[in-house]
$ cat data.json   # JSON, C-alpha atoms
[["chain", "number", "residue", "atom", "x", "y", "z"],
["A", 1, "GLN", "CA", -31.39, 206.47, 123.10],
["A", 2, "VAL", "CA", -28.93, 203.82, 122.04],
["A", 3, "GLN", "CA", -25.26, 204.44, 121.40],
["A", 4, "LEU", "CA", -23.24, 202.17, 119.12],
["A", 5, "VAL", "CA", -19.44, 202.11, 119.16],
["A", 6, "GLU", "CA", -17.67, 200.20, 116.40],
["A", 7, "SER", "CA", -14.10, 198.98, 116.24],
["A", 8, "GLY", "CA", -11.92, 196.65, 114.23],
["A", 9, "GLY", "CA", -11.73, 198.17, 110.77],
["A", 10, "GLY", "CA", -8.49, 198.67, 108.90],
["A", 11, "LEU", "CA", -6.39, 197.84, 105.88],
["A", 12, "VAL", "CA", -5.88, 194.22, 104.86],
["A", 13, "GLN", "CA", -4.66, 192.38, 101.80],
["A", 14, "ALA", "CA", -7.02, 190.32, 99.69],
["A", 15, "GLY", "CA", -7.57, 186.93, 101.28],
["A", 16, "GLY", "CA", -7.02, 188.31, 104.75],
["A", 17, "SER", "CA", -9.35, 188.60, 107.71],
["A", 18, "LEU", "CA", -10.76, 191.28, 109.97],
["A", 19, "ARG", "CA", -13.14, 191.21, 112.92],
["A", 20, "LEU", "CA", -15.50, 194.09, 113.56],
["A", 21, "SER", "CA", -17.11, 194.72, 116.93],
["A", 22, "CYS", "CA", -20.02, 196.93, 117.90],
["A", 23, "ALA", "CA", -20.95, 197.62, 121.49],
["A", 24, "ALA", "CA", -24.40, 198.98, 122.25],
["A", 25, "SER", "CA", -25.26, 201.00, 125.32],
["A", 26, "GLY", "CA", -28.19, 203.00, 126.61],
["A", 27, "SER", "CA", -31.85, 201.95, 126.42],
["A", 28, "ILE", "CA", -31.35, 198.41, 125.14],
["A", 29, "PHE", "CA", -34.38, 196.20, 124.73],
["A", 30, "SER", "CA", -33.75, 192.50, 125.06],
["A", 31, "ILE", "CA", -35.59, 191.70, 121.83],
["A", 32, "ASN", "CA", -33.87, 193.42, 118.94],
["A", 33, "HIS", "CA", -32.02, 193.04, 115.67],
["A", 34, "MET", "CA", -28.40, 194.03, 115.30],
["A", 35, "GLY", "CA", -26.53, 194.04, 112.06],
["A", 36, "TRP", "CA", -23.86, 195.36, 109.77],
["A", 37, "TYR", "CA", -24.33, 197.45, 106.67],
["A", 38, "ARG", "CA", -21.70, 198.86, 104.34],
["A", 39, "GLN", "CA", -21.40, 201.73, 101.92],
["A", 40, "ALA", "CA", -18.79, 201.94, 99.20],
["A", 41, "PRO", "CA", -17.97, 205.25, 97.48],
["A", 42, "GLY", "CA", -20.70, 206.18, 95.03],
["A", 43, "LYS", "CA", -22.95, 203.34, 96.10],
["A", 44, "GLN", "CA", -25.96, 202.97, 98.35],
["A", 45, "ARG", "CA", -25.71, 201.53, 101.83],
["A", 46, "GLU", "CA", -26.43, 197.79, 101.75],
["A", 47, "LEU", "CA", -27.13, 195.08, 104.28],
["A", 48, "VAL", "CA", -24.20, 192.76, 104.96],
["A", 49, "ALA", "CA", -25.52, 190.62, 107.81],
["A", 50, "VAL", "CA", -28.10, 190.77, 110.56],
["A", 51, "ILE", "CA", -28.73, 188.74, 113.69],
["A", 52, "THR", "CA", -31.76, 188.68, 115.95],
["A", 53, "SER", "CA", -31.56, 188.52, 119.72],
["A", 54, "GLY", "CA", -32.57, 184.87, 119.31],
["A", 55, "GLY", "CA", -29.60, 184.16, 117.07],
["A", 56, "ILE", "CA", -31.30, 183.98, 113.67],
["A", 57, "THR", "CA", -28.98, 185.28, 110.97],
["A", 58, "ASN", "CA", -29.26, 186.57, 107.44],
["A", 59, "TYR", "CA", -26.47, 187.45, 105.01],
["A", 60, "LYS", "CA", -25.93, 189.25, 101.76],
["A", 61, "ASP", "CA", -25.37, 186.55, 99.14],
["A", 62, "SER", "CA", -21.89, 187.70, 98.21],
["A", 63, "VAL", "CA", -20.57, 187.30, 101.78],
["A", 64, "LYS", "CA", -22.13, 183.95, 102.59],
["A", 65, "GLY", "CA", -19.47, 181.44, 103.55],
["A", 66, "ARG", "CA", -16.92, 184.20, 104.17],
["A", 67, "PHE", "CA", -18.49, 186.40, 106.86],
["A", 68, "THR", "CA", -19.96, 185.32, 110.17],
["A", 69, "ILE", "CA", -22.13, 187.51, 112.39],
["A", 70, "SER", "CA", -22.45, 186.71, 116.07],
["A", 71, "ARG", "CA", -23.50, 188.44, 119.25],
["A", 72, "ASP", "CA", -22.99, 188.40, 122.99],
["A", 73, "ASN", "CA", -26.31, 189.44, 124.52],
["A", 74, "ALA", "CA", -24.77, 189.81, 127.99],
["A", 75, "LYS", "CA", -22.40, 192.44, 126.58],
["A", 76, "ASN", "CA", -24.86, 193.91, 124.05],
["A", 77, "THR", "CA", -22.16, 193.43, 121.46],
["A", 78, "VAL", "CA", -22.32, 192.21, 117.88],
["A", 79, "TYR", "CA", -19.36, 190.93, 115.88],
["A", 80, "LEU", "CA", -18.62, 190.44, 112.21],
["A", 81, "GLN", "CA", -15.84, 188.00, 111.39],
["A", 82, "MET", "CA", -14.75, 188.63, 107.83],
["A", 83, "ASN", "CA", -12.56, 186.03, 106.12],
["A", 84, "SER", "CA", -11.30, 185.68, 102.57],
["A", 85, "LEU", "CA", -11.71, 189.40, 102.06],
["A", 86, "LYS", "CA", -11.91, 190.76, 98.53],
["A", 87, "PRO", "CA", -11.21, 194.26, 97.17],
["A", 88, "GLU", "CA", -14.95, 194.61, 96.51],
["A", 89, "ASP", "CA", -15.55, 194.34, 100.27],
["A", 90, "THR", "CA", -13.91, 197.75, 100.65],
["A", 91, "ALA", "CA", -16.41, 200.12, 102.25],
["A", 92, "VAL", "CA", -17.38, 201.93, 105.40],
["A", 93, "TYR", "CA", -19.10, 199.40, 107.64],
["A", 94, "TYR", "CA", -21.91, 200.58, 109.90],
["A", 95, "CYS", "CA", -23.40, 198.86, 112.90],
["A", 96, "ASN", "CA", -27.18, 199.00, 113.21],
["A", 97, "TYR", "CA", -29.60, 198.39, 116.08],
["A", 98, "LYS", "CA", -33.33, 198.00, 115.51],
["A", 99, "TYR", "CA", -36.16, 197.64, 117.97],
["A", 100, "SER", "CA", -39.74, 198.27, 116.86],
["A", 101, "ALA", "CA", -39.71, 201.70, 115.20],
["A", 102, "TYR", "CA", -36.34, 202.58, 116.71],
["A", 103, "ASP", "CA", -33.35, 202.49, 114.39],
["A", 104, "TYR", "CA", -29.82, 203.50, 115.46],
["A", 105, "TRP", "CA", -26.50, 203.64, 113.61],
["A", 106, "GLY", "CA", -22.88, 203.64, 114.58],
["A", 107, "GLN", "CA", -20.38, 206.15, 113.22],
["A", 108, "GLY", "CA", -18.89, 203.67, 110.76],
["A", 109, "THR", "CA", -15.52, 202.00, 110.45],
["A", 110, "GLN", "CA", -13.45, 201.87, 107.28],
["A", 111, "VAL", "CA", -12.49, 198.50, 105.82],
["A", 112, "THR", "CA", -10.03, 198.62, 102.94],
["A", 113, "VAL", "CA", -8.97, 195.47, 101.09],
["A", 114, "SER", "CA", -5.97, 195.83, 98.80],
["A", 115, "SER", "CA", -5.45, 193.59, 95.79]]

$ encode --input "data.json" --output "C-alpha cells"
Amino acid sequence: QVQLVESGGGLVQAGGSLRLSCAASGSIFSINHMGWYRQAPGKQRELVAVITSGGITNYKDSVKGRFTISRDNAKNTVYLQMNSLKPEDTAVYYCNYKYSAYDYWGQGTQVTVSS
C-alpha cells in the first residue's frame, strides 16, 4: 500500500502562484511515476503533469511554461509549482503514484483561481 498526502491548495487571484506538495509513504518502489491530475466540476479527470523517478517530465499543453513538476526522491515527495494561474485552472488536484500495475491516488486538494 502507498499513502499520498497532498497540501498547498487554496484560493488565489488570476496571475498568482501556488505550490502543491504530495508526500508518499508506505511500500514505495524506487522506479515509479508520480504526477498531478485535476478534475473540474462536470469534467473528467485529466493529466496535468507527470515525472518519472529519473526526472523525465510530461505536461498538459495548456500548462506548459506555467507549471513545473519536480520531485525529491529522498523524501518521496512530488511538487507542482503553478505560476500565472488562470480561472480555468480551477479544479481539485489529485496526486498520483504509479508502479507497474499499482496505481494510487491522494485525497485531492482544491485550487480556486478567481478572475

$ closest_residue --input "data.json" --among "A:Thr90, A:Thr77, A:Ser70, A:Asn96" --to "Met34 of chain A" --atoms "only C-alpha atoms"
A:Asn96

$ residues_near_point --input "data.json" --point "(-32.0, 200.5, 123.7)" --cutoff "12 Å" --atoms "all atoms listed in the file" --output "number ranges by chain"
A: 1-4, 23-34, 76, 96-105

$ atom_distance --input "data.json" --atom1 "atom CA of Val50 of chain A" --atom2 "atom CA of Val78 of chain A"
9.4 Å

$ residues_around --input "data.json" --residues "Ala49 of chain A" --least-positions-apart "4" --cutoff "9 Å" --atoms "only C-alpha atoms" --output "short mmCIF file (atom, residue, chain, number, x, y, z; two decimals) with C-alpha atoms, in the coordinates of the input"
data_model
loop_
_atom_site.label_atom_id
_atom_site.label_comp_id
_atom_site.auth_asym_id
_atom_site.auth_seq_id
_atom_site.Cartn_x
_atom_site.Cartn_y
_atom_site.Cartn_z
CA MET A 34 -28.40 194.03 115.30
CA GLY A 35 -26.53 194.04 112.06
CA TRP A 36 -23.86 195.36 109.77
CA TYR A 37 -24.33 197.45 106.67
CA THR A 57 -28.98 185.28 110.97
CA ASN A 58 -29.26 186.57 107.44
CA TYR A 59 -26.47 187.45 105.01
CA LYS A 60 -25.93 189.25 101.76
CA VAL A 63 -20.57 187.30 101.78
CA PHE A 67 -18.49 186.40 106.86
CA THR A 68 -19.96 185.32 110.17
CA ILE A 69 -22.13 187.51 112.39
CA LEU A 80 -18.62 190.44 112.21
#

$ axis_aligned_box --input "data.json" --around "segment 16-31 of chain A" --padding-each-side "5 Å" --output "lines of an AutoDock Vina configuration file"
center_x = -21.3
center_y = 195.7
center_z = 115.7
size_x = 38.6
size_y = 24.7
size_z = 31.9

$ residues_around --input "data.json" --residues "Gln13 of chain A" --least-positions-apart "6" --cutoff "9 Å" --atoms "all atoms listed in the file" --output "PyMOL selection string"
chain A and resi 85-87+112-115

$ residues_around --input "data.json" --residues "Leu18 of chain A" --least-positions-apart "6" --cutoff "8 Å" --atoms "all atoms listed in the file" --output "list in words"
Gly8, Gly9, Gly10, Val12, Gln81, Met82 and Asn83 of chain A

$ atom_distance --input "data.json" --atom1 "atom CA of Ile56 of chain A" --atom2 "atom CA of Gln110 of chain A"
26.1 Å

$ atom_distance --input "data.json" --atom1 "atom CA of Glu46 of chain A" --atom2 "atom CA of Gln107 of chain A"
15.4 Å

$ closest_residue --input "data.json" --among "A:Val5, A:Gln39, A:Arg71, A:Gly15" --to "Gly55 of chain A" --atoms "only C-alpha atoms"
A:Arg71

$ decode --input "data.json" --residues "segment 22-59 of chain A" --atoms "N, CA and C atoms" --output "compact mmCIF listing (two decimals), in the first residue's frame"
# COMPACT_ATOMS: atom_id res chain seq x y z
N CYS A 22 3.05 16.69 -2.50
CA CYS A 22 2.46 15.37 -2.26
C CYS A 22 3.54 14.45 -1.72
N ALA A 23 3.34 14.01 -0.49
CA ALA A 23 4.29 13.10 0.14
C ALA A 23 3.76 11.68 0.10
N ALA A 24 4.58 10.77 -0.40
CA ALA A 24 4.22 9.37 -0.48
C ALA A 24 4.87 8.58 0.64
N SER A 25 4.13 7.63 1.18
CA SER A 25 4.68 6.76 2.22
C SER A 25 4.14 5.35 2.02
N GLY A 26 4.80 4.39 2.67
CA GLY A 26 4.37 3.01 2.55
C GLY A 26 5.33 2.21 1.68
N SER A 27 4.80 1.34 0.85
CA SER A 27 5.61 0.45 0.02
C SER A 27 6.01 1.16 -1.27
N ILE A 28 7.03 2.01 -1.15
CA ILE A 28 7.48 2.81 -2.29
C ILE A 28 8.56 2.05 -3.05
N PHE A 29 8.38 1.91 -4.34
CA PHE A 29 9.40 1.34 -5.19
C PHE A 29 10.21 2.49 -5.80
N SER A 30 11.50 2.26 -5.93
CA SER A 30 12.37 3.35 -6.36
C SER A 30 12.09 3.78 -7.79
N ILE A 31 11.61 2.87 -8.62
CA ILE A 31 11.27 3.21 -10.00
C ILE A 31 9.77 3.40 -10.08
N ASN A 32 9.34 4.62 -10.33
CA ASN A 32 7.90 4.88 -10.37
C ASN A 32 7.62 6.17 -11.13
N HIS A 33 6.36 6.42 -11.35
CA HIS A 33 5.90 7.68 -11.92
C HIS A 33 5.05 8.36 -10.86
N MET A 34 5.26 9.65 -10.70
CA MET A 34 4.36 10.43 -9.84
C MET A 34 3.86 11.62 -10.63
N GLY A 35 2.63 11.98 -10.38
CA GLY A 35 2.08 13.07 -11.17
C GLY A 35 0.91 13.75 -10.53
N TRP A 36 0.41 14.74 -11.24
CA TRP A 36 -0.75 15.51 -10.80
C TRP A 36 -1.83 15.46 -11.88
N TYR A 37 -3.03 15.19 -11.44
CA TYR A 37 -4.21 15.25 -12.28
C TYR A 37 -5.15 16.28 -11.68
N ARG A 38 -6.13 16.71 -12.47
CA ARG A 38 -7.13 17.62 -11.92
C ARG A 38 -8.50 17.28 -12.49
N GLN A 39 -9.51 17.68 -11.72
CA GLN A 39 -10.88 17.45 -12.15
C GLN A 39 -11.70 18.68 -11.80
N ALA A 40 -12.22 19.31 -12.82
CA ALA A 40 -13.11 20.46 -12.64
C ALA A 40 -14.54 19.97 -12.58
N PRO A 41 -15.45 20.73 -11.98
CA PRO A 41 -16.86 20.31 -11.89
C PRO A 41 -17.44 19.99 -13.27
N GLY A 42 -18.04 18.82 -13.38
CA GLY A 42 -18.68 18.42 -14.63
C GLY A 42 -17.73 17.94 -15.70
N LYS A 43 -16.46 17.82 -15.37
CA LYS A 43 -15.48 17.39 -16.36
C LYS A 43 -14.76 16.13 -15.89
N GLN A 44 -14.11 15.47 -16.84
CA GLN A 44 -13.36 14.27 -16.49
C GLN A 44 -12.01 14.66 -15.89
N ARG A 45 -11.47 13.75 -15.11
CA ARG A 45 -10.14 13.95 -14.55
C ARG A 45 -9.13 13.93 -15.70
N GLU A 46 -8.17 14.86 -15.65
CA GLU A 46 -7.19 14.96 -16.73
C GLU A 46 -5.77 15.08 -16.17
N LEU A 47 -4.83 14.61 -16.94
CA LEU A 47 -3.43 14.70 -16.56
C LEU A 47 -2.96 16.14 -16.66
N VAL A 48 -2.27 16.61 -15.62
CA VAL A 48 -1.65 17.93 -15.63
C VAL A 48 -0.16 17.80 -15.90
N ALA A 49 0.51 16.97 -15.12
CA ALA A 49 1.95 16.79 -15.29
C ALA A 49 2.36 15.49 -14.62
N VAL A 50 3.41 14.88 -15.16
CA VAL A 50 3.92 13.64 -14.59
C VAL A 50 5.44 13.68 -14.65
N ILE A 51 6.06 13.01 -13.68
CA ILE A 51 7.52 12.95 -13.64
C ILE A 51 7.93 11.54 -13.25
N THR A 52 8.90 11.00 -13.96
CA THR A 52 9.41 9.67 -13.62
C THR A 52 10.44 9.78 -12.51
N SER A 53 10.80 8.65 -11.95
CA SER A 53 11.83 8.66 -10.91
C SER A 53 13.17 9.12 -11.47
N GLY A 54 13.34 9.03 -12.79
CA GLY A 54 14.55 9.51 -13.43
C GLY A 54 14.51 10.97 -13.82
N GLY A 55 13.37 11.62 -13.57
CA GLY A 55 13.26 13.05 -13.82
C GLY A 55 12.69 13.45 -15.16
N ILE A 56 12.20 12.50 -15.93
CA ILE A 56 11.57 12.83 -17.21
C ILE A 56 10.16 13.36 -16.94
N THR A 57 9.83 14.47 -17.59
CA THR A 57 8.55 15.12 -17.33
C THR A 57 7.67 15.18 -18.58
N ASN A 58 6.38 15.31 -18.32
CA ASN A 58 5.42 15.50 -19.39
C ASN A 58 4.30 16.38 -18.86
N TYR A 59 3.83 17.31 -19.71
CA TYR A 59 2.83 18.27 -19.26
C TYR A 59 1.64 18.33 -20.22
